[in-house]
2 protein chains.
Amino acid sequence: MNIKDKILERLINNKGMRISGEQLASELCVSRTAIWKHIKVLRDEGYMIDSSTNLGYSLIETPDRLTPGEIKAGLKTKVIGKEIKYFKETESTNIVAHEIAGSVDEGTIVIAEAQTAGRGRLGRKWISPEGGIWLSIILKPKIQPSHAPRITLLAGVCVARTIRSLGLPAKIKWPNDILINGKKVCGILTEIRAEADLIDYLIVGIGIDANVDTESFPDDIRDSSTSLKKEKRAKINRAGFVRKLLEEFDELYLKFQDEGFKSILEEWRNMSATIGEWVKITTQAHSIYGEAIGVDNEGALILETSDGHLEKIVSGSCEHLRRT
Amino acid sequence: MNIKDKILERLINNKGMRISGEQLASELCVSRTAIWKHIKVLRDEGYMIDSSTNLGYSLIETPDRLTPGEIKAGLKTKVIGKEIKYFKETESTNIVAHEIAGSVDEGTIVIAEAQTAGRGRLGRKWISPEGGIWLSIILKPKIQPSHAPRITLLAGVCVARTIRSLGLPAKIKWPNDILINGKKVCGILTEIRAEADLIDYLIVGIGIDANVDTESFPDDIRDSSTSLKKEKRAKINRAGFVRKLLEEFDELYLKFQDEGFKSILEEWRNMSATIGEWVKITTQAHSIYGEAIGVDNEGALILETSDGHLEKIVSGSCEHLRRT
């Protein structure tokens, strides 16, 4: 953590109280002039920081930003988010993640206030205005490429847990959407680079319509989308949400490595909006209708078609159908 | 194909005869001055081209180069090698291939006379001096990441076929080495970029010790390595070898897409040096000893351990053991 982030962490942890420049300078082993310069930069970034000559600095209000300082203040993780690359705007956090993945540690995060070319699954566009949470997590698990879908399911559980901590009834639609009351609030795009039989790195892209106005979305997705703000009827604290999400991810990812996938799959199944539903699956080749009866250990959807035949779906688009 | 390559193709196809500058200019719809300039560039590249004012140009000798012009002259493929990116020297053809894969057509080749940072499987170094064949093929098959090892096996069959066409007894060691008389002459490194359940692109890196002096290799691999030159006791025509390899690849890759993997796997099994051998498999976690009894439809090695237990090996290093 750099000096500016450390100052911010102390201001956040002491919100409502004052810390003197002398104390900050002494604790961080820098000059009072350096402290003063960093405070100025923080003010330029939108932090309202009161100062008085004798009493020191006090944080009045933080901007709604996802800066590393905001996220790291109080973050309790072992691997995830130790390094955070922040952008006010970027093409796509997954693209940046691909560019840097070879040279950064596992757990590094790329996060942006807005994406200009956000991507969804199968090359689809992903609308990513300010107010949302657009982040990518770089992982280097020693697993086969065919096990990558497990990380998508793991990420879905983490997002659903975090949304449920806000008191909202999040469920997971196979393979990678998070729904609230049947409407999509989050998508997950897992991408890998691998040798034929071993992953070099894996990127989990997570896009959450947090404080986004879904009313401004295009016709074809407006009615099927929602946001955390809309469901809570109030803006959420995005930095706090990200912190919680990273902590959930840190816990489950370490559990995945220590204990395997079994209990995570169990939790996924319990949070699933798809199991038990009649669905239409569209693959490259054709469409299949049936009842989703389960998800196997590889993350594939198990479908029972109307003639009682079982189908294993590894990849495809899933649509929940109303029974007629 | 650019003008220079077209001129070269005509010179190669008419080797021993003369073509006038006027004829070339007329056939290629450019000026005679343009022809003269391209001839000069070809000479700078090492082609010995005789010219006489009245009789025209005649190709006397081609350099031992893997330029696009050399490879494309007479190349009969539908997909593979329609576009060739050539380097006298590059870090690694797989690295270049990763950089360009998003913006080029399937079948594009990256080829280099030498690599400064050639890579083998599992992050190992791959020695790549001049005289070898170092090339990467960019593919965009619509398959799951777990099926990528099939392309490694397919590539092994193509390389073995091409080496056998020189009259040398090439065999394939699981998963990706080509042996001649038990010594390694080629390695294959397949890498993918993918969504969790669908490949974006796949790169097949093929490194062949063609006209390489393996005596100059480091101690630890010298005795287990050989070259085509050493086995043939003469330098091989590298461009011709690459052309044949690309044609084999084109044929098998189209067959793979049209008819599936079955007959290719059958051919792989027939060329296998591993099936029937006692082997030691080293994975990340542990070593396993047993008899290699087969390779399954996913490219995994099936091992019968000494207690009669069957093990399926998806990833690992394979060492052939002498029975004691």
# chains A, B, ... in the order shown; residues from 1 in each chain; ligands from 1

call {"tool": "interface_residues", "arguments": {"of": "chain A", "to": "chain B", "cutoff": "7 Å", "atoms": "only C-alpha atoms", "output": "list in words"}}
result
Pro145, Ser146, Ala148, Pro149, Thr190, Glu191, Ile192, Arg193, Ala194, Glu195, Ala196, Asp197, Val314 and Ser315 of chain A

call {"tool": "write_last_selection", "arguments": {"atoms": "all heavy atoms", "output": "CSV table (one decimal), in the first residue's frame"}}
result
chain,number,residue,atom,x,y,z
A,145,PRO,N,-7.9,-27.2,-17.8
A,145,PRO,CA,-8.9,-26.3,-18.5
A,145,PRO,C,-10.3,-26.7,-18.3
A,145,PRO,O,-11.2,-25.9,-18.1
A,145,PRO,CB,-8.5,-26.3,-19.9
A,145,PRO,CG,-7.0,-26.6,-19.9
A,145,PRO,CD,-6.8,-27.5,-18.7
A,146,SER,N,-10.6,-28.0,-18.3
A,146,SER,CA,-12.0,-28.5,-18.2
A,146,SER,C,-12.6,-28.2,-16.8
A,146,SER,O,-13.8,-28.3,-16.7
A,146,SER,CB,-12.0,-30.0,-18.5
A,146,SER,OG,-11.2,-30.7,-17.6
A,148,ALA,N,-12.3,-25.3,-15.4
A,148,ALA,CA,-12.5,-23.8,-15.2
A,148,ALA,C,-13.9,-23.4,-14.9
A,148,ALA,O,-14.1,-22.5,-14.1
A,148,ALA,CB,-12.0,-23.1,-16.5
A,149,PRO,N,-14.9,-24.2,-15.4
A,149,PRO,CA,-16.3,-23.8,-15.1
A,149,PRO,C,-16.6,-23.8,-13.6
A,149,PRO,O,-17.5,-23.2,-13.1
A,149,PRO,CB,-17.2,-24.8,-15.8
A,149,PRO,CG,-16.3,-25.2,-17.0
A,149,PRO,CD,-14.9,-25.2,-16.5
A,190,THR,N,-15.8,-16.0,-17.3
A,190,THR,CA,-14.5,-16.6,-16.9
A,190,THR,C,-13.7,-16.9,-18.2
A,190,THR,O,-14.2,-17.5,-19.1
A,190,THR,CB,-14.8,-17.9,-16.2
A,190,THR,OG1,-15.5,-17.6,-15.0
A,190,THR,CG2,-13.5,-18.6,-15.7
A,191,GLU,N,-12.5,-16.4,-18.2
A,191,GLU,CA,-11.6,-16.7,-19.4
A,191,GLU,C,-10.3,-17.3,-18.9
A,191,GLU,O,-9.8,-17.0,-17.9
A,191,GLU,CB,-11.4,-15.4,-20.2
A,191,GLU,CG,-12.6,-14.8,-20.8
A,191,GLU,CD,-12.4,-13.6,-21.6
A,191,GLU,OE1,-11.8,-12.6,-21.1
A,191,GLU,OE2,-12.7,-13.6,-22.8
A,192,ILE,N,-9.8,-18.2,-19.8
A,192,ILE,CA,-8.5,-18.8,-19.4
A,192,ILE,C,-7.5,-18.7,-20.5
A,192,ILE,O,-7.8,-18.5,-21.6
A,192,ILE,CB,-8.7,-20.3,-19.1
A,192,ILE,CG1,-9.3,-21.1,-20.3
A,192,ILE,CG2,-9.5,-20.5,-17.9
A,192,ILE,CD1,-9.3,-22.6,-20.1
A,193,ARG,N,-6.2,-18.8,-20.1
A,193,ARG,CA,-5.1,-19.1,-21.0
A,193,ARG,C,-4.5,-20.3,-20.5
A,193,ARG,O,-4.2,-20.4,-19.3
A,193,ARG,CB,-4.2,-17.9,-21.1
A,193,ARG,CG,-3.2,-18.2,-22.2
A,193,ARG,CD,-2.5,-16.9,-22.7
A,193,ARG,NE,-1.1,-17.3,-23.0
A,193,ARG,CZ,-0.2,-16.4,-23.4
A,193,ARG,NH1,-0.6,-15.2,-23.6
A,193,ARG,NH2,1.0,-16.8,-23.7
A,194,ALA,N,-4.2,-21.3,-21.3
A,194,ALA,CA,-3.8,-22.6,-20.8
A,194,ALA,C,-2.9,-23.3,-21.9
A,194,ALA,O,-3.0,-23.0,-23.0
A,194,ALA,CB,-5.0,-23.4,-20.6
A,195,GLU,N,-2.1,-24.2,-21.4
A,195,GLU,CA,-1.6,-25.3,-22.2
A,195,GLU,C,-2.8,-26.2,-22.4
A,195,GLU,O,-3.8,-26.1,-21.8
A,195,GLU,CB,-0.4,-26.0,-21.6
A,195,GLU,CG,0.8,-25.1,-21.5
A,195,GLU,CD,2.0,-25.8,-20.9
A,195,GLU,OE1,2.1,-27.0,-21.0
A,195,GLU,OE2,2.9,-25.1,-20.4
A,196,ALA,N,-2.6,-27.2,-23.3
A,196,ALA,CA,-3.7,-28.1,-23.6
A,196,ALA,C,-4.2,-28.7,-22.3
A,196,ALA,O,-5.4,-29.0,-22.2
A,196,ALA,CB,-3.2,-29.2,-24.6
A,197,ASP,N,-3.4,-29.0,-21.3
A,197,ASP,CA,-3.9,-29.7,-20.2
A,197,ASP,C,-3.6,-29.0,-18.8
A,197,ASP,O,-3.8,-29.6,-17.8
A,197,ASP,CB,-3.2,-31.1,-20.2
A,197,ASP,CG,-1.7,-31.0,-20.4
A,197,ASP,OD1,-1.2,-29.9,-20.4
A,197,ASP,OD2,-1.1,-32.1,-20.7
A,314,VAL,N,-22.6,-28.8,-21.5
A,314,VAL,CA,-21.4,-28.2,-21.0
A,314,VAL,C,-21.4,-26.7,-21.3
A,314,VAL,O,-21.0,-25.9,-20.5
A,314,VAL,CB,-20.1,-28.8,-21.7
A,314,VAL,CG1,-18.9,-28.1,-21.3
A,314,VAL,CG2,-20.0,-30.3,-21.3
A,315,SER,N,-21.9,-26.3,-22.5
A,315,SER,CA,-21.9,-24.9,-22.9
A,315,SER,C,-23.1,-24.5,-23.6
A,315,SER,O,-23.7,-25.3,-24.4
A,315,SER,CB,-20.7,-24.7,-23.8
A,315,SER,OG,-20.6,-23.4,-24.3

call {"tool": "select_by_dssp", "arguments": {"residues": "region 82-288 of chain B", "states": "strand (DSSP E)", "output": "PyMOL selection string"}}
result
chain B and resi 84-90+109-115+133-139+170-173+177-180+183-195+198-208+278-282+287-288

call {"tool": "write_last_selection", "arguments": {"atoms": "C-alpha atoms", "output": "short mmCIF file (atom, residue, chain, number, x, y, z; two decimals), in the first residue's frame"}}
result
data_model
loop_
_atom_site.label_atom_id
_atom_site.label_comp_id
_atom_site.auth_asym_id
_atom_site.auth_seq_id
_atom_site.Cartn_x
_atom_site.Cartn_y
_atom_site.Cartn_z
CA ILE B 84 2.47 -16.70 -43.06
CA LYS B 85 4.22 -14.31 -40.66
CA TYR B 86 7.97 -14.78 -41.01
CA PHE B 87 10.75 -13.75 -38.61
CA LYS B 88 14.50 -14.23 -38.94
CA GLU B 89 14.48 -14.27 -35.17
CA THR B 90 11.79 -13.80 -32.56
CA ILE B 109 1.24 -19.45 -39.45
CA VAL B 110 4.02 -17.76 -37.48
CA ILE B 111 7.46 -19.10 -38.37
CA ALA B 112 10.98 -18.10 -37.36
CA GLU B 113 14.52 -19.12 -38.30
CA ALA B 114 15.48 -18.90 -34.61
CA GLN B 115 13.78 -18.25 -31.27
CA ILE B 133 11.78 -25.41 -37.80
CA TRP B 134 9.94 -23.27 -35.24
CA LEU B 135 6.37 -22.56 -36.18
CA SER B 136 2.97 -21.87 -34.66
CA ILE B 137 -0.40 -22.53 -36.26
CA ILE B 138 -3.36 -20.40 -35.18
CA LEU B 139 -6.69 -22.27 -35.14
CA ALA B 170 8.99 -41.55 -36.51
CA LYS B 171 6.89 -42.54 -33.49
CA ILE B 172 4.87 -40.50 -31.00
CA LYS B 173 5.57 -40.41 -27.28
CA ASP B 177 6.96 -35.66 -28.50
CA ILE B 178 8.04 -37.17 -31.79
CA LEU B 179 10.84 -39.72 -31.54
CA ILE B 180 13.14 -41.30 -34.10
CA LYS B 183 15.31 -40.00 -29.46
CA LYS B 184 13.32 -36.77 -29.44
CA VAL B 185 13.27 -34.77 -32.66
CA CYS B 186 10.15 -32.63 -32.14
CA GLY B 187 7.99 -31.17 -29.38
CA ILE B 188 4.50 -29.75 -29.61
CA LEU B 189 3.11 -27.04 -27.32
CA THR B 190 -0.62 -26.47 -27.64
CA GLU B 191 -1.96 -23.36 -25.93
CA ILE B 192 -5.48 -22.01 -25.79
CA ARG B 193 -7.37 -18.90 -24.90
CA ALA B 194 -10.93 -19.66 -23.98
CA GLU B 195 -14.07 -18.78 -22.15
CA LEU B 198 -15.58 -22.48 -25.40
CA ILE B 199 -12.23 -21.92 -27.14
CA ASP B 200 -11.53 -18.44 -28.59
CA TYR B 201 -8.38 -19.60 -30.32
CA LEU B 202 -5.84 -22.39 -30.10
CA ILE B 203 -2.15 -22.24 -30.97
CA VAL B 204 -0.19 -25.32 -31.95
CA GLY B 205 3.52 -24.62 -31.50
CA ILE B 206 5.72 -27.15 -33.31
CA GLY B 207 9.47 -27.25 -32.83
CA ILE B 208 11.50 -29.63 -35.01
CA TRP B 278 6.28 -49.32 -18.85
CA VAL B 279 6.25 -45.67 -17.95
CA LYS B 280 6.74 -43.26 -15.11
CA ILE B 281 4.26 -40.40 -15.08
CA THR B 282 5.13 -37.34 -13.02
CA SER B 287 4.71 -40.02 -9.59
CA ILE B 288 2.85 -43.06 -10.94
#

call {"tool": "closest_atom_pairs", "arguments": {"of": "region 4-27 of chain B", "to": "region 60-71 of chain B", "cutoff": "10 Å", "atoms": "only C-alpha atoms", "output": "JSON lines"}}
result
{"residue": "B:Lys4", "atom": "CA", "partner": "B:Gly69", "partner_atom": "CA", "distance": 7.8}
{"residue": "B:Asp5", "atom": "CA", "partner": "B:Gly69", "partner_atom": "CA", "distance": 4.6}
{"residue": "B:Lys6", "atom": "CA", "partner": "B:Gly69", "partner_atom": "CA", "distance": 7.5}
{"residue": "B:Ile7", "atom": "CA", "partner": "B:Gly69", "partner_atom": "CA", "distance": 8.8}
{"residue": "B:Leu8", "atom": "CA", "partner": "B:Gly69", "partner_atom": "CA", "distance": 6.3}
{"residue": "B:Glu9", "atom": "CA", "partner": "B:Gly69", "partner_atom": "CA", "distance": 6.6}
{"residue": "B:Leu11", "atom": "CA", "partner": "B:Ile60", "partner_atom": "CA", "distance": 9.4}
{"residue": "B:Ile12", "atom": "CA", "partner": "B:Glu70", "partner_atom": "CA", "distance": 8.4}
{"residue": "B:Lys15", "atom": "CA", "partner": "B:Ile60", "partner_atom": "CA", "distance": 7.4}
{"residue": "B:Gly16", "atom": "CA", "partner": "B:Ile60", "partner_atom": "CA", "distance": 7.1}
{"residue": "B:Met17", "atom": "CA", "partner": "B:Ile60", "partner_atom": "CA", "distance": 9.5}

call {"tool": "closest_residue", "arguments": {"among": "A:Thr77, A:Ser31, A:Thr274, A:Ser51", "to": "Tyr253 (chain A)", "atoms": "only C-alpha atoms"}}
result
A:Thr77

call {"tool": "closest_residue", "arguments": {"among": "A:Arg161, A:Lys40, A:Lys230, A:Arg243", "to": "Ile80 (chain A)", "atoms": "only C-alpha atoms"}}
result
A:Arg243

call {"tool": "atom_distance", "arguments": {"atom1": "CA of Ile293 (chain A)", "atom2": "CA of Lys262 (chain A)"}}
result
17.5 Å

call {"tool": "select_by_dssp", "arguments": {"residues": "region 135-248 of chain A", "states": "helix (DSSP H, G or I)", "output": "ChimeraX atom specification"}}
result
/A:145-164,214-216,219-222,228-232,238-248

call {"tool": "residues_around", "arguments": {"residues": "region 32-34 of chain B", "least_positions_apart": "2", "cutoff": "12 Å", "atoms": "only C-alpha atoms", "output": "mmCIF file with all heavy atoms, in the first residue's frame"}}
result
data_model
loop_
_atom_site.group_PDB
_atom_site.id
_atom_site.type_symbol
_atom_site.label_atom_id
_atom_site.label_comp_id
_atom_site.auth_asym_id
_atom_site.auth_seq_id
_atom_site.Cartn_x
_atom_site.Cartn_y
_atom_site.Cartn_z
ATOM 1 N N ILE B 3 3.596 -9.378 -54.590
ATOM 2 C CA ILE B 3 4.254 -9.466 -55.901
ATOM 3 C C ILE B 3 5.584 -10.228 -55.805
ATOM 4 O O ILE B 3 5.883 -11.102 -56.614
ATOM 5 C CB ILE B 3 4.501 -8.044 -56.477
ATOM 6 C CG1 ILE B 3 3.165 -7.292 -56.670
ATOM 7 C CG2 ILE B 3 5.280 -8.115 -57.797
ATOM 8 C CD1 ILE B 3 2.318 -7.817 -57.797
ATOM 9 N N LYS B 4 6.359 -9.901 -54.769
ATOM 10 C CA LYS B 4 7.675 -10.531 -54.633
ATOM 11 C C LYS B 4 7.519 -12.058 -54.527
ATOM 12 O O LYS B 4 8.249 -12.815 -55.177
ATOM 13 C CB LYS B 4 8.377 -9.985 -53.370
ATOM 14 C CG LYS B 4 9.839 -10.381 -53.285
ATOM 15 C CD LYS B 4 10.432 -9.985 -51.939
ATOM 16 C CE LYS B 4 9.968 -10.924 -50.851
ATOM 17 N NZ LYS B 4 10.463 -10.594 -49.530
ATOM 18 N N ILE B 7 6.608 -13.545 -57.848
ATOM 19 C CA ILE B 7 7.784 -13.667 -58.731
ATOM 20 C C ILE B 7 8.581 -14.901 -58.338
ATOM 21 O O ILE B 7 8.966 -15.722 -59.181
ATOM 22 C CB ILE B 7 8.675 -12.400 -58.627
ATOM 23 C CG1 ILE B 7 7.923 -11.178 -59.183
ATOM 24 C CG2 ILE B 7 10.009 -12.602 -59.360
ATOM 25 C CD1 ILE B 7 8.642 -9.864 -58.959
ATOM 26 N N SER B 20 11.356 -14.044 -68.915
ATOM 27 C CA SER B 20 11.735 -12.661 -69.191
ATOM 28 C C SER B 20 11.025 -11.716 -68.225
ATOM 29 O O SER B 20 9.941 -12.005 -67.713
ATOM 30 C CB SER B 20 11.364 -12.295 -70.629
ATOM 31 O OG SER B 20 9.956 -12.190 -70.749
ATOM 32 N N GLY B 21 11.701 -10.583 -67.989
ATOM 33 C CA GLY B 21 11.102 -9.543 -67.149
ATOM 34 C C GLY B 21 9.794 -9.074 -67.755
ATOM 35 O O GLY B 21 8.831 -8.770 -67.043
ATOM 36 N N GLU B 22 9.734 -9.049 -69.057
ATOM 37 C CA GLU B 22 8.521 -8.586 -69.737
ATOM 38 C C GLU B 22 7.349 -9.521 -69.447
ATOM 39 O O GLU B 22 6.238 -9.082 -69.140
ATOM 40 C CB GLU B 22 8.793 -8.545 -71.244
ATOM 41 C CG GLU B 22 7.780 -7.750 -72.019
ATOM 42 C CD GLU B 22 8.179 -7.624 -73.494
ATOM 43 O OE1 GLU B 22 9.384 -7.836 -73.809
ATOM 44 O OE2 GLU B 22 7.301 -7.324 -74.310
ATOM 45 N N GLN B 23 7.639 -10.822 -69.508
ATOM 46 C CA GLN B 23 6.585 -11.811 -69.242
ATOM 47 C C GLN B 23 6.083 -11.698 -67.795
ATOM 48 O O GLN B 23 4.873 -11.680 -67.535
ATOM 49 C CB GLN B 23 7.132 -13.218 -69.492
ATOM 50 C CG GLN B 23 6.055 -14.305 -69.420
ATOM 51 C CD GLN B 23 6.652 -15.713 -69.519
ATOM 52 O OE1 GLN B 23 7.774 -15.879 -70.011
ATOM 53 N NE2 GLN B 23 5.920 -16.692 -69.044
ATOM 54 N N LEU B 24 7.040 -11.600 -66.863
ATOM 55 C CA LEU B 24 6.661 -11.461 -65.439
ATOM 56 C C LEU B 24 5.813 -10.210 -65.235
ATOM 57 O O LEU B 24 4.775 -10.241 -64.568
ATOM 58 C CB LEU B 24 7.923 -11.380 -64.561
ATOM 59 C CG LEU B 24 8.683 -12.695 -64.313
ATOM 60 C CD1 LEU B 24 10.016 -12.406 -63.630
ATOM 61 C CD2 LEU B 24 7.837 -13.637 -63.456
ATOM 62 N N ALA B 25 6.283 -9.089 -65.836
ATOM 63 C CA ALA B 25 5.579 -7.820 -65.666
ATOM 64 C C ALA B 25 4.163 -7.922 -66.210
ATOM 65 O O ALA B 25 3.200 -7.466 -65.575
ATOM 66 C CB ALA B 25 6.351 -6.709 -66.384
ATOM 67 N N SER B 26 4.042 -8.576 -67.338
ATOM 68 C CA SER B 26 2.728 -8.684 -67.969
ATOM 69 C C SER B 26 1.808 -9.591 -67.150
ATOM 70 O O SER B 26 0.648 -9.258 -66.884
ATOM 71 C CB SER B 26 2.929 -9.191 -69.400
ATOM 72 O OG SER B 26 1.824 -9.962 -69.797
ATOM 73 N N GLU B 27 2.350 -10.744 -66.713
ATOM 74 C CA GLU B 27 1.522 -11.673 -65.934
ATOM 75 C C GLU B 27 1.067 -11.087 -64.600
ATOM 76 O O GLU B 27 -0.022 -11.386 -64.112
ATOM 77 C CB GLU B 27 2.302 -12.970 -65.662
ATOM 78 C CG GLU B 27 2.355 -13.901 -66.868
ATOM 79 C CD GLU B 27 3.144 -15.171 -66.566
ATOM 80 O OE1 GLU B 27 3.257 -15.526 -65.368
ATOM 81 O OE2 GLU B 27 3.633 -15.774 -67.520
ATOM 82 N N LEU B 28 1.952 -10.279 -63.982
ATOM 83 C CA LEU B 28 1.644 -9.777 -62.637
ATOM 84 C C LEU B 28 1.101 -8.351 -62.667
ATOM 85 O O LEU B 28 0.844 -7.753 -61.617
ATOM 86 C CB LEU B 28 2.902 -9.865 -61.759
ATOM 87 C CG LEU B 28 3.472 -11.290 -61.618
ATOM 88 C CD1 LEU B 28 4.793 -11.276 -60.852
ATOM 89 C CD2 LEU B 28 2.472 -12.205 -60.923
ATOM 90 N N CYS B 29 0.924 -7.820 -63.900
ATOM 91 C CA CYS B 29 0.344 -6.482 -64.064
ATOM 92 C C CYS B 29 1.110 -5.397 -63.308
ATOM 93 O O CYS B 29 0.508 -4.566 -62.608
ATOM 94 C CB CYS B 29 -1.133 -6.462 -63.647
ATOM 95 S SG CYS B 29 -2.114 -7.633 -64.565
ATOM 96 N N VAL B 30 2.434 -5.456 -63.398
ATOM 97 C CA VAL B 30 3.253 -4.374 -62.824
ATOM 98 C C VAL B 30 4.302 -3.988 -63.863
ATOM 99 O O VAL B 30 4.441 -4.641 -64.901
ATOM 100 C CB VAL B 30 3.968 -4.809 -61.515
ATOM 101 C CG1 VAL B 30 2.962 -5.132 -60.420
ATOM 102 C CG2 VAL B 30 4.883 -6.015 -61.762
ATOM 103 N N TRP B 36 12.197 -5.629 -61.535
ATOM 104 C CA TRP B 36 13.630 -5.508 -61.289
ATOM 105 C C TRP B 36 13.910 -5.209 -59.813
ATOM 106 O O TRP B 36 14.805 -5.783 -59.199
ATOM 107 C CB TRP B 36 14.181 -4.402 -62.204
ATOM 108 C CG TRP B 36 15.631 -4.138 -62.011
ATOM 109 C CD1 TRP B 36 16.665 -4.834 -62.556
ATOM 110 C CD2 TRP B 36 16.204 -3.127 -61.180
ATOM 111 N NE1 TRP B 36 17.861 -4.330 -62.122
ATOM 112 C CE2 TRP B 36 17.615 -3.281 -61.272
ATOM 113 C CE3 TRP B 36 15.682 -2.114 -60.379
ATOM 114 C CZ2 TRP B 36 18.503 -2.442 -60.586
ATOM 115 C CZ3 TRP B 36 16.556 -1.285 -59.700
ATOM 116 C CH2 TRP B 36 17.957 -1.449 -59.791
ATOM 117 N N LYS B 37 13.083 -4.350 -59.216
ATOM 118 C CA LYS B 37 13.265 -4.008 -57.791
ATOM 119 C C LYS B 37 13.027 -5.226 -56.889
ATOM 120 O O LYS B 37 13.751 -5.466 -55.930
ATOM 121 C CB LYS B 37 12.311 -2.872 -57.385
ATOM 122 C CG LYS B 37 12.783 -1.499 -57.830
ATOM 123 C CD LYS B 37 11.819 -0.411 -57.377
ATOM 124 C CE LYS B 37 12.279 0.951 -57.875
ATOM 125 N NZ LYS B 37 11.194 1.944 -57.805
ATOM 126 N N HIS B 38 11.983 -5.998 -57.217
ATOM 127 C CA HIS B 38 11.691 -7.183 -56.392
ATOM 128 C C HIS B 38 12.787 -8.241 -56.536
ATOM 129 O O HIS B 38 13.133 -8.918 -55.576
ATOM 130 C CB HIS B 38 10.327 -7.774 -56.778
ATOM 131 C CG HIS B 38 9.169 -6.959 -56.308
ATOM 132 N ND1 HIS B 38 8.933 -6.711 -54.974
ATOM 133 C CD2 HIS B 38 8.171 -6.325 -56.979
ATOM 134 C CE1 HIS B 38 7.842 -5.969 -54.842
ATOM 135 N NE2 HIS B 38 7.365 -5.709 -56.056
ATOM 136 N N ILE B 39 13.324 -8.375 -57.762
ATOM 137 C CA ILE B 39 14.430 -9.319 -57.978
ATOM 138 C C ILE B 39 15.618 -8.928 -57.093
ATOM 139 O O ILE B 39 16.265 -9.773 -56.469
ATOM 140 C CB ILE B 39 14.846 -9.328 -59.477
ATOM 141 C CG1 ILE B 39 13.728 -9.915 -60.349
ATOM 142 C CG2 ILE B 39 16.168 -10.082 -59.662
ATOM 143 C CD1 ILE B 39 13.589 -11.427 -60.321
ATOM 144 N N LYS B 40 15.863 -7.622 -57.008
ATOM 145 C CA LYS B 40 16.970 -7.128 -56.186
ATOM 146 C C LYS B 40 16.754 -7.498 -54.708
ATOM 147 O O LYS B 40 17.679 -7.951 -54.023
ATOM 148 C CB LYS B 40 17.083 -5.604 -56.357
ATOM 149 C CG LYS B 40 18.301 -5.013 -55.671
ATOM 150 C CD LYS B 40 18.507 -3.545 -56.046
ATOM 151 C CE LYS B 40 19.690 -2.947 -55.292
ATOM 152 N NZ LYS B 40 19.698 -3.219 -53.863
ATOM 153 N N VAL B 41 15.518 -7.332 -54.226
ATOM 154 C CA VAL B 41 15.221 -7.696 -52.830
ATOM 155 C C VAL B 41 15.440 -9.201 -52.615
ATOM 156 O O VAL B 41 16.036 -9.622 -51.621
ATOM 157 C CB VAL B 41 13.769 -7.304 -52.446
ATOM 158 C CG1 VAL B 41 13.419 -7.827 -51.048
ATOM 159 C CG2 VAL B 41 13.591 -5.793 -52.510
ATOM 160 N N GLY B 56 16.215 -12.976 -69.865
ATOM 161 C CA GLY B 56 15.415 -12.893 -68.656
ATOM 162 C C GLY B 56 16.084 -13.512 -67.443
ATOM 163 O O GLY B 56 17.314 -13.700 -67.414
#
